[in-house]
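Trainee: start-v9.pdb (PDB, C-alpha atoms, pLDDT in the B column) pasted underneath:
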ATOM      1  CA  MET A   1      -1.429   8.822  21.314  1.00 42.00           C
ATOM      2  CA  ASN A   2       0.031  12.310  21.459  1.00 44.00           C
ATOM      3  CA  GLU A   3       3.466  10.808  22.241  1.00 51.00           C
ATOM      4  CA  TYR A   4       3.502   9.057  18.858  1.00 50.00           C
ATOM      5  CA  PRO A   5       4.021  10.924  15.558  1.00 54.00           C
ATOM      6  CA  GLU A   6       0.833  11.170  13.525  1.00 67.00           C
ATOM      7  CA  LYS A   7       2.658   9.906  10.437  1.00 70.00           C
ATOM      8  CA  PHE A   8       2.939   6.503  12.130  1.00 86.00           C
ATOM      9  CA  PHE A   9      -0.725   6.312  13.175  1.00 91.00           C
ATOM     10  CA  HIS A  10      -4.129   7.110  11.762  1.00 91.00           C
ATOM     11  CA  PHE A  11      -7.320   7.940  13.629  1.00 90.00           C
ATOM     12  CA  VAL A  12     -10.127   5.601  12.596  1.00 93.00           C
ATOM     13  CA  PRO A  13     -13.401   7.514  13.203  1.00 93.00           C
ATOM     14  CA  GLU A  14     -15.523   4.352  13.182  1.00 92.00           C
ATOM     15  CA  LEU A  15     -13.451   2.923  16.038  1.00 92.00           C
ATOM     16  CA  LYS A  16     -12.644   6.216  17.783  1.00 91.00           C
ATOM     17  CA  GLU A  17      -9.140   4.837  18.042  1.00 89.00           C
ATOM     18  CA  TYR A  18      -5.662   5.389  16.645  1.00 90.00           C
ATOM     19  CA  LEU A  19      -4.097   2.441  14.856  1.00 93.00           C
ATOM     20  CA  PRO A  20      -0.617   2.101  13.352  1.00 94.00           C
ATOM     21  CA  ARG A  21      -0.369   2.511   9.595  1.00 95.00           C
ATOM     22  CA  VAL A  22       0.594  -0.438   7.428  1.00 97.00           C
ATOM     23  CA  THR A  23       3.402   1.594   5.867  1.00 94.00           C
ATOM     24  CA  SER A  24       4.825   2.328   9.321  1.00 93.00           C
ATOM     25  CA  ILE A  25       4.791  -1.354  10.215  1.00 95.00           C
ATOM     26  CA  THR A  26       6.516  -2.559   7.039  1.00 95.00           C
ATOM     27  CA  LYS A  27       9.347  -0.063   7.497  1.00 91.00           C
ATOM     28  CA  ILE A  28      10.660  -2.335  10.224  1.00 89.00           C
ATOM     29  CA  ILE A  29      11.769  -4.686   7.432  1.00 84.00           C
ATOM     30  CA  ASP A  30      15.297  -4.021   6.184  1.00 68.00           C
ATOM     31  CA  LYS A  31      15.347  -2.762   2.583  1.00 61.00           C
ATOM     32  CA  GLY A  32      18.536  -4.645   1.875  1.00 57.00           C
ATOM     33  CA  GLU A  33      22.106  -3.893   0.904  1.00 53.00           C
ATOM     34  CA  ALA A  34      21.299  -2.530  -2.568  1.00 52.00           C
ATOM     35  CA  PHE A  35      19.110   0.273  -1.173  1.00 49.00           C
ATOM     36  CA  TYR A  36      21.639   1.360   1.450  1.00 49.00           C
ATOM     37  CA  ASN A  37      24.471   1.242  -1.066  1.00 53.00           C
ATOM     38  CA  TRP A  38      22.407   3.581  -3.267  1.00 45.00           C
ATOM     39  CA  VAL A  39      21.834   5.967  -0.334  1.00 48.00           C
ATOM     40  CA  LYS A  40      25.539   5.918   0.482  1.00 57.00           C
ATOM     41  CA  LYS A  41      26.458   6.590  -3.153  1.00 61.00           C
ATOM     42  CA  GLN A  42      24.089   9.574  -3.383  1.00 57.00           C
ATOM     43  CA  GLY A  43      25.413  11.082  -0.160  1.00 60.00           C
ATOM     44  CA  GLU A  44      23.739  14.365   0.820  1.00 59.00           C
ATOM     45  CA  LYS A  45      21.606  14.276  -2.348  1.00 56.00           C
ATOM     46  CA  ALA A  46      19.760  11.119  -1.251  1.00 45.00           C
ATOM     47  CA  THR A  47      17.141  12.918   0.834  1.00 51.00           C
ATOM     48  CA  GLU A  48      16.449  15.470  -1.909  1.00 46.00           C
ATOM     49  CA  ILE A  49      16.123  12.740  -4.553  1.00 43.00           C
ATOM     50  CA  LEU A  50      13.735  10.711  -2.394  1.00 44.00           C
ATOM     51  CA  GLU A  51      11.610  13.772  -1.597  1.00 43.00           C
ATOM     52  CA  THR A  52      11.382  14.801  -5.269  1.00 50.00           C
ATOM     53  CA  ALA A  53      10.421  11.267  -6.243  1.00 47.00           C
ATOM     54  CA  GLY A  54       7.827  11.291  -3.479  1.00 48.00           C
ATOM     55  CA  ASP A  55       6.294  14.510  -4.814  1.00 55.00           C
ATOM     56  CA  ILE A  56       5.789  13.211  -8.352  1.00 69.00           C
ATOM     57  CA  GLY A  57       4.629   9.876  -6.941  1.00 76.00           C
ATOM     58  CA  SER A  58       1.979  11.613  -4.838  1.00 85.00           C
ATOM     59  CA  SER A  59       0.875  13.637  -7.843  1.00 89.00           C
ATOM     60  CA  PHE A  60       0.506  10.488  -9.932  1.00 92.00           C
ATOM     61  CA  HIS A  61      -1.512   8.831  -7.152  1.00 93.00           C
ATOM     62  CA  ASN A  62      -3.896  11.776  -7.397  1.00 94.00           C
ATOM     63  CA  ARG A  63      -4.231  11.266 -11.152  1.00 94.00           C
ATOM     64  CA  ALA A  64      -4.885   7.544 -10.687  1.00 96.00           C
ATOM     65  CA  GLU A  65      -7.526   8.342  -8.063  1.00 96.00           C
ATOM     66  CA  GLU A  66      -9.224  10.771 -10.460  1.00 96.00           C
ATOM     67  CA  ILE A  67      -9.242   8.124 -13.182  1.00 96.00           C
ATOM     68  CA  GLY A  68     -10.827   5.682 -10.742  1.00 97.00           C
ATOM     69  CA  LYS A  69     -13.541   8.235 -10.035  1.00 96.00           C
ATOM     70  CA  GLY A  70     -14.191   8.817 -13.723  1.00 95.00           C
ATOM     71  CA  ILE A  71     -12.659  12.284 -13.829  1.00 95.00           C
ATOM     72  CA  GLN A  72     -11.219  13.330 -17.191  1.00 94.00           C
ATOM     73  CA  ILE A  73      -7.467  13.937 -17.076  1.00 93.00           C
ATOM     74  CA  ASN A  74      -5.783  16.727 -19.021  1.00 94.00           C
ATOM     75  CA  LEU A  75      -2.702  14.780 -20.064  1.00 94.00           C
ATOM     76  CA  GLU A  76      -1.043  17.781 -21.707  1.00 94.00           C
ATOM     77  CA  ALA A  77      -0.913  19.592 -18.359  1.00 92.00           C
ATOM     78  CA  LEU A  78       1.210  16.855 -16.753  1.00 91.00           C
ATOM     79  CA  GLN A  79       4.982  16.605 -16.500  1.00 89.00           C
ATOM     80  CA  PRO A  80       6.439  14.237 -19.136  1.00 89.00           C
ATOM     81  CA  ARG A  81       7.121  11.366 -16.719  1.00 89.00           C
ATOM     82  CA  GLU A  82       3.740  11.651 -15.008  1.00 92.00           C
ATOM     83  CA  LYS A  83       2.019  11.876 -18.393  1.00 93.00           C
ATOM     84  CA  ALA A  84       3.733   8.684 -19.576  1.00 93.00           C
ATOM     85  CA  TRP A  85       2.718   6.860 -16.354  1.00 94.00           C
ATOM     86  CA  THR A  86      -0.863   8.065 -16.658  1.00 96.00           C
ATOM     87  CA  GLU A  87      -1.133   6.952 -20.282  1.00 96.00           C
ATOM     88  CA  LYS A  88       0.189   3.490 -19.373  1.00 96.00           C
ATOM     89  CA  PHE A  89      -2.232   3.238 -16.463  1.00 97.00           C
ATOM     90  CA  ILE A  90      -5.214   4.201 -18.614  1.00 97.00           C
ATOM     91  CA  GLU A  91      -4.140   1.631 -21.217  1.00 97.00           C
ATOM     92  CA  TRP A  92      -3.904  -1.143 -18.589  1.00 98.00           C
ATOM     93  CA  LYS A  93      -7.172  -0.073 -16.983  1.00 98.00           C
ATOM     94  CA  ASP A  94      -9.053  -0.167 -20.277  1.00 98.00           C
ATOM     95  CA  LEU A  95      -7.793  -3.684 -20.986  1.00 98.00           C
ATOM     96  CA  ASN A  96      -8.376  -5.190 -17.540  1.00 98.00           C
ATOM     97  CA  VAL A  97     -10.792  -3.245 -15.335  1.00 98.00           C
ATOM     98  CA  LYS A  98     -14.558  -3.442 -15.600  1.00 98.00           C
ATOM     99  CA  ARG A  99     -15.232  -0.872 -12.862  1.00 98.00           C
ATOM    100  CA  PHE A 100     -13.697   0.810  -9.835  1.00 98.00           C
ATOM    101  CA  ILE A 101     -15.414  -0.095  -6.568  1.00 97.00           C
ATOM    102  CA  GLU A 102     -13.279   2.030  -4.228  1.00 96.00           C
ATOM    103  CA  THR A 103     -10.523   4.608  -4.506  1.00 97.00           C
ATOM    104  CA  GLU A 104      -8.308   5.804  -1.645  1.00 96.00           C
ATOM    105  CA  ARG A 105     -10.311   3.897   0.972  1.00 96.00           C
ATOM    106  CA  LEU A 106      -9.253   3.817   4.637  1.00 96.00           C
ATOM    107  CA  VAL A 107      -9.411   0.234   5.887  1.00 97.00           C
ATOM    108  CA  TRP A 108      -8.584  -1.299   9.237  1.00 97.00           C
ATOM    109  CA  HIS A 109      -8.231  -4.617  11.001  1.00 96.00           C
ATOM    110  CA  ASN A 110      -9.169  -3.979  14.612  1.00 91.00           C
ATOM    111  CA  LEU A 111      -8.622  -7.590  15.616  1.00 92.00           C
ATOM    112  CA  GLU A 112      -4.964  -7.476  14.604  1.00 94.00           C
ATOM    113  CA  GLY A 113      -4.543  -3.765  15.229  1.00 93.00           C
ATOM    114  CA  TYR A 114      -3.557  -1.855  12.099  1.00 96.00           C
ATOM    115  CA  CYS A 115      -4.990   0.392   9.396  1.00 97.00           C
ATOM    116  CA  GLY A 116      -4.076   1.842   6.030  1.00 96.00           C
ATOM    117  CA  THR A 117      -5.381   3.398   2.844  1.00 96.00           C
ATOM    118  CA  LEU A 118      -5.703   1.172  -0.197  1.00 96.00           C
ATOM    119  CA  ASP A 119      -5.257   2.827  -3.573  1.00 97.00           C
ATOM    120  CA  ALA A 120      -8.138   1.098  -5.342  1.00 98.00           C
ATOM    121  CA  LEU A 121     -10.493  -1.850  -5.301  1.00 98.00           C
ATOM    122  CA  VAL A 122     -11.738  -2.930  -8.716  1.00 98.00           C
ATOM    123  CA  GLU A 123     -13.840  -5.499 -10.449  1.00 98.00           C
ATOM    124  CA  LEU A 124     -11.789  -6.996 -13.253  1.00 98.00           C
ATOM    125  CA  LYS A 125     -13.215  -7.998 -16.604  1.00 98.00           C
ATOM    126  CA  ASP A 126     -12.821 -11.680 -15.618  1.00 97.00           C
ATOM    127  CA  GLY A 127     -15.179 -11.073 -12.674  1.00 97.00           C
ATOM    128  CA  LYS A 128     -12.560 -11.122  -9.918  1.00 98.00           C
ATOM    129  CA  VAL A 129     -12.383  -8.420  -7.247  1.00 98.00           C
ATOM    130  CA  ALA A 130      -8.862  -7.078  -6.781  1.00 98.00           C
ATOM    131  CA  VAL A 131      -6.920  -4.567  -4.712  1.00 98.00           C
ATOM    132  CA  LEU A 132      -4.629  -2.291  -6.728  1.00 98.00           C
ATOM    133  CA  ASP A 133      -1.585  -0.634  -5.237  1.00 97.00           C
ATOM    134  CA  TYR A 134       0.413   1.957  -7.193  1.00 97.00           C
ATOM    135  CA  LYS A 135       4.180   2.233  -6.734  1.00 95.00           C
ATOM    136  CA  THR A 136       6.477   4.783  -8.341  1.00 91.00           C
ATOM    137  CA  ALA A 137       9.779   3.062  -7.676  1.00 86.00           C
ATOM    138  CA  LYS A 138      12.808   1.412  -9.237  1.00 82.00           C
ATOM    139  CA  TYR A 139      11.883  -1.962  -7.764  1.00 85.00           C
ATOM    140  CA  ILE A 140       9.081  -3.899  -6.145  1.00 90.00           C
ATOM    141  CA  TYR A 141      10.459  -4.635  -2.701  1.00 88.00           C
ATOM    142  CA  PRO A 142       9.421  -7.735  -0.691  1.00 90.00           C
ATOM    143  CA  GLU A 143       7.646  -5.602   1.904  1.00 93.00           C
ATOM    144  CA  HIS A 144       5.346  -4.252  -0.823  1.00 95.00           C
ATOM    145  CA  PHE A 145       3.730  -7.687  -1.052  1.00 96.00           C
ATOM    146  CA  LEU A 146       3.065  -7.619   2.698  1.00 97.00           C
ATOM    147  CA  GLN A 147       1.648  -4.099   2.514  1.00 97.00           C
ATOM    148  CA  VAL A 148      -0.843  -4.868  -0.243  1.00 98.00           C
ATOM    149  CA  THR A 149      -1.885  -8.143   1.394  1.00 98.00           C
ATOM    150  CA  ALA A 150      -2.545  -6.278   4.642  1.00 98.00           C
ATOM    151  CA  TYR A 151      -4.860  -3.865   2.805  1.00 98.00           C
ATOM    152  CA  LEU A 152      -6.725  -6.758   1.204  1.00 98.00           C
ATOM    153  CA  LYS A 153      -7.277  -8.507   4.535  1.00 98.00           C
ATOM    154  CA  ALA A 154      -8.316  -5.263   6.225  1.00 98.00           C
ATOM    155  CA  TYR A 155     -10.893  -4.573   3.514  1.00 98.00           C
ATOM    156  CA  GLU A 156     -12.333  -8.056   3.935  1.00 98.00           C
ATOM    157  CA  TYR A 157     -12.434  -7.531   7.713  1.00 96.00           C
ATOM    158  CA  CYS A 158     -14.158  -4.136   7.447  1.00 95.00           C
ATOM    159  CA  TYR A 159     -16.695  -4.838   4.763  1.00 94.00           C
ATOM    160  CA  LYS A 160     -17.147  -8.643   4.835  1.00 94.00           C
ATOM    161  CA  ILE A 161     -16.533  -8.797   1.089  1.00 93.00           C
ATOM    162  CA  LYS A 162     -14.340 -11.487  -0.433  1.00 95.00           C
ATOM    163  CA  VAL A 163     -11.408 -10.040  -2.349  1.00 98.00           C
ATOM    164  CA  ASP A 164      -9.944 -12.486  -4.834  1.00 98.00           C
ATOM    165  CA  THR A 165      -6.523 -11.078  -5.530  1.00 98.00           C
ATOM    166  CA  ALA A 166      -4.235  -8.046  -5.499  1.00 98.00           C
ATOM    167  CA  PHE A 167      -1.864  -6.367  -7.942  1.00 98.00           C
ATOM    168  CA  ILE A 168       1.100  -4.058  -7.566  1.00 98.00           C
ATOM    169  CA  LEU A 169       1.372  -1.610 -10.456  1.00 97.00           C
ATOM    170  CA  ARG A 170       4.918  -0.264 -10.451  1.00 96.00           C
ATOM    171  CA  PHE A 171       5.806   2.766 -12.557  1.00 94.00           C
ATOM    172  CA  GLU A 172       9.475   3.106 -13.481  1.00 89.00           C
ATOM    173  CA  LYS A 173      11.152   6.266 -12.202  1.00 80.00           C
ATOM    174  CA  GLY A 174      14.287   5.963 -14.307  1.00 71.00           C
ATOM    175  CA  ASP A 175      14.957   5.479 -17.998  1.00 71.00           C
ATOM    176  CA  LYS A 176      14.529   1.715 -17.954  1.00 72.00           C
ATOM    177  CA  THR A 177      11.803  -0.164 -19.781  1.00 72.00           C
ATOM    178  CA  PRO A 178       9.130  -1.308 -19.472  1.00 79.00           C
ATOM    179  CA  LEU A 179       7.667   1.884 -18.075  1.00 90.00           C
ATOM    180  CA  MET A 180       5.031  -0.062 -16.127  1.00 94.00           C
ATOM    181  CA  GLN A 181       5.288  -3.421 -14.366  1.00 95.00           C
ATOM    182  CA  VAL A 182       2.272  -5.373 -13.108  1.00 97.00           C
ATOM    183  CA  LYS A 183       2.735  -8.032 -10.434  1.00 97.00           C
ATOM    184  CA  GLU A 184      -0.038 -10.167  -8.970  1.00 97.00           C
ATOM    185  CA  ILE A 185       0.277 -11.301  -5.334  1.00 96.00           C
ATOM    186  CA  GLU A 186       0.533 -15.070  -5.545  1.00 92.00           C
ATOM    187  CA  ASP A 187       0.337 -16.152  -1.888  1.00 95.00           C
ATOM    188  CA  ILE A 188      -2.155 -13.998  -0.013  1.00 97.00           C
ATOM    189  CA  GLU A 189      -2.347 -16.157   3.115  1.00 97.00           C
ATOM    190  CA  GLY A 190       1.400 -16.672   3.369  1.00 97.00           C
ATOM    191  CA  ASN A 191       2.170 -12.993   2.941  1.00 97.00           C
ATOM    192  CA  PHE A 192      -0.435 -12.059   5.537  1.00 98.00           C
ATOM    193  CA  LYS A 193       1.132 -14.385   8.101  1.00 97.00           C
ATOM    194  CA  ILE A 194       4.499 -12.740   7.524  1.00 96.00           C
ATOM    195  CA  PHE A 195       2.942  -9.266   7.786  1.00 97.00           C
ATOM    196  CA  LEU A 196       1.440 -10.201  11.156  1.00 97.00           C
ATOM    197  CA  CYS A 197       4.885 -11.288  12.343  1.00 95.00           C
ATOM    198  CA  ALA A 198       6.220  -7.871  11.325  1.00 95.00           C
ATOM    199  CA  LEU A 199       3.293  -6.217  13.108  1.00 95.00           C
ATOM    200  CA  ARG A 200       4.005  -8.067  16.355  1.00 92.00           C
ATOM    201  CA  ILE A 201       7.701  -7.117  16.160  1.00 92.00           C
ATOM    202  CA  TRP A 202       6.743  -3.486  15.438  1.00 93.00           C
ATOM    203  CA  GLU A 203       4.410  -3.457  18.449  1.00 91.00           C
ATOM    204  CA  TRP A 204       7.086  -5.003  20.649  1.00 89.00           C
ATOM    205  CA  LYS A 205       9.695  -2.495  19.510  1.00 88.00           C
ATOM    206  CA  ASN A 206       7.312   0.403  20.176  1.00 85.00           C
ATOM    207  CA  LYS A 207       6.023  -1.057  23.461  1.00 79.00           C
ATOM    208  CA  LEU A 208       2.539  -1.429  22.030  1.00 75.00           C
ATOM    209  CA  TYR A 209       2.132  -5.207  22.047  1.00 58.00           C
ATOM    210  CA  ARG A 210      -1.579  -6.024  22.386  1.00 56.00           C
ATOM    211  CA  LYS A 211      -1.314  -9.684  23.464  1.00 51.00           C
ATOM    212  CA  ASP A 212      -4.180  -9.634  25.976  1.00 49.00           C
ATOM    213  CA  LYS A 213      -6.574  -7.910  23.560  1.00 53.00           C
ATOM    214  CA  VAL A 214      -5.581 -10.072  20.596  1.00 51.00           C
ATOM    215  CA  GLU A 215      -5.949 -13.297  22.560  1.00 53.00           C
ATOM    216  CA  LYS A 216      -9.281 -12.211  24.052  1.00 48.00           C
ATOM    217  CA  GLU A 217     -10.764 -11.302  20.652  1.00 52.00           C
ATOM    218  CA  LYS A 218      -9.489 -14.541  19.148  1.00 56.00           C
ATOM    219  CA  GLY A 219     -11.059 -16.564  21.936  1.00 58.00           C
ATOM    220  CA  VAL A 220      -7.792 -17.706  23.494  1.00 52.00           C
ATOM    221  CA  THR A 221      -8.121 -18.496  27.183  1.00 46.00           C
ATOM    222  CA  ASN A 222      -5.766 -19.879  29.791  1.00 44.00           C
ATOM    223  CA  ALA A 223      -6.214 -23.558  30.598  1.00 38.00           C
TER     224      ALA A 223
END
Please render this file's structure as C-alpha cells.
Mentor:
Amino acid sequence: MNEYPEKFFHFVPELKEYLPRVTSITKIIDKGEAFYNWVKKQGEKATEILETAGDIGSSFHNRAEEIGKGIQINLEALQPREKAWTEKFIEWKDLNVKRFIETERLVWHNLEGYCGTLDALVELKDGKVAVLDYKTAKYIYPEHFLQVTAYLKAYEYCYKIKVDTAFILRFEKGDKTPLMQVKEIEDIEGNFKIFLCALRIWEWKNKLYRKDKVEKEKGVTNA
C-alpha cells in the first residue's frame, strides 16, 4: 500500500491489512454547486479558512471525546466558539445519553472492504444504542448520512452488536442559530446501499475493485 497516501487508508491491526477510510470514499461524491461557489468566492483564502475550521473542529472532537470518557472539561480555557459548542454538547448529552459505550473507536467491514473511526457509541435514555457523529460545519451534507451509516454497519460487523440508530450532531461555525443541530438517520439500510455504490465506484476509480473477494465471501458462485 506504499503507493497510496496514508490519509486515504488505515491499517487495521486485527486484520493485518490496509483498508480505505470511509471519509476517503465519500469524497467521491460531489459536494454540489453551493460549495464550489463558496470556494470560488473565497479565492486564495479558501484553503486557509478550511484549515482553520479543521483545527478548531479537531480540538472540539477532542473535547467531546474527553466528555465521553468522563473527563472534566475546563470550559474557561477554551476559545469562545469551542466553549459554546462544548456547553451545547454537554446540555444535549445530559438530556439524552445514559452512558457512553465507545469513543473514537476504529471499526471495519472486511466483507465490503472499508474502515473508519466512529466518534461515539452511546446508550440513550430510551434504551436505544446509537452512533454519534460530530460535525463542525455550515451544513449537513448528503454524504454525511452515508458516512455515519457506514460506521454503524461496520460496528455491527465487528462486534456483532445491534445498533438501533445514528445521529449527526452539527455545530454551527458561523453566526447563525441554532448553534447545534441534531439529525437522526432515518433510513439506515437505504443509506448503506448508496454508500456501497460509492465504495464500488471509489474502488473502480482507484483500480482497487475487489469483485472476486466480495463475491467469494458473499457465497456467489458461477453457474
Trainee: Report as number ranges by chain the full result of the PyMOL selection byres ((chain A and resi 147) around 9) when it is applied to this structure.
Mentor: A: 22-23, 25-26, 116, 143-146, 148-152, 191-192, 195
Trainee: With distances taken over only C-alpha atoms, which residue among A:Tyr141, A:Thr86, A:Gly68, A:Ala166 lies nearest A:Lys27?
Mentor: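 Residue with the minimum atom-to-atom distance to A:Lys27: A:Tyr141.
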Trainee: Give me the residues near A:Arg21 as a ChimeraX atom specification, where near means some atom within 6 Å (using all atoms listed in the file) and where sequence neighbours in that chain fewer than 3 positions away do not count.
Mentor: /A:8-9,24,114-116
Trainee: Taking the file above as input, evaluate the PyMOL selection byres ((chain A and resi 107) around 6) and report the hits as a compact mmCIF listing (two decimals) with C-alpha atoms, keeping the file's coordinate frame.
Mentor:
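Written file, expr.txt:
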# COMPACT_ATOMS: atom_id res chain seq x y z
CA LEU A 106 -9.25 3.82 4.64
CA TRP A 108 -8.58 -1.30 9.24
CA CYS A 115 -4.99 0.39 9.40
CA GLY A 116 -4.08 1.84 6.03
CA THR A 117 -5.38 3.40 2.84
CA ALA A 154 -8.32 -5.26 6.22
CA TYR A 155 -10.89 -4.57 3.51
Trainee: Taking only C-alpha atoms into account, name the residue in A:Tyr159, A:His10, A:Ser59, A:Leu124 that is nearest to A:Arg81.
Mentor: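 Among the listed residues, A:Ser59 lies closest to A:Arg81.
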Trainee: Once the PyMOL selection byres ((chain A and resi 173) around 6) is applied to the coordinates I shared, what remains selected? I want it as a list in words.
Mentor: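 Applied to this file, the PyMOL selection byres ((chain A and resi 173) around 6) selects Ala137, Lys138, Glu172 and Gly174 of chain A.
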Trainee: For a cutoff of 8 Å around the file-coordinate point (-1.3, -9.9, -5.5), which residues qualify once you count all atoms listed in the file? I'd like the result as a compact mmCIF listing (two decimals) with C-alpha atoms, in the coordinates of the input.
Mentor:
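Writing done, so here's result.txt:
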# COMPACT_ATOMS: atom_id res chain seq x y z
CA VAL A 131 -6.92 -4.57 -4.71
CA PHE A 145 3.73 -7.69 -1.05
CA VAL A 148 -0.84 -4.87 -0.24
CA THR A 149 -1.88 -8.14 1.39
CA THR A 165 -6.52 -11.08 -5.53
CA ALA A 166 -4.24 -8.05 -5.50
CA PHE A 167 -1.86 -6.37 -7.94
CA ILE A 168 1.10 -4.06 -7.57
CA LYS A 183 2.74 -8.03 -10.43
CA GLU A 184 -0.04 -10.17 -8.97
CA ILE A 185 0.28 -11.30 -5.33
CA GLU A 186 0.53 -15.07 -5.54
CA ASP A 187 0.34 -16.15 -1.89
CA ILE A 188 -2.15 -14.00 -0.01
Trainee: For each of A:Ala130, A:Ile28, A:Leu111, A:Leu19, take the minimum atom-to-atom distance to A:Cys197, counting all atoms listed in the file, then give the residue where this is smallest.
Mentor: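 Of A:Ala130, A:Ile28, A:Leu111, A:Leu19, the one nearest A:Cys197 is A:Ile28, counting all atoms listed in the file.
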Trainee: Report, in Å with one decimal, the straight-line distance from atom CA of A:Val129 to atom CA of A:Ala64.
Mentor: 18.0 Å
Trainee: Tell me, in Å to one decimal, how far atom CA of A:Ile73 is from atom CA of A:Phe89.
Mentor: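 So the answer is 11.9 Å.
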Trainee: How many Å lie between atom CA of A:Pro20 and atom CA of A:Glu189, rounded to one decimal?
Mentor: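 Rounded to one decimal, the two atoms are 21.0 Å apart.
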Trainee: Which residue out of A:Arg200, A:Lys69, A:Lys16, A:His61 has the minimum interatomic distance to A:Asp119 when all atoms listed in the file are used?
Mentor: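 Using all atoms listed in the file, the shortest distance to A:Asp119 belongs to A:His61.
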Trainee: Just the residues within 8 Å of A:Lys88, please, counting only C-alpha atoms, with nothing from its chain fewer than 4 positions along; format it as a list in words.
Mentor: Ala84, Trp92, Leu179 and Met180 of chain A
Trainee: Taking only C-alpha atoms into account, which of A:Thr103, A:Asn96, A:Gln72, A:Gln181 comes nearest A:Leu118?
Mentor: A:Thr103
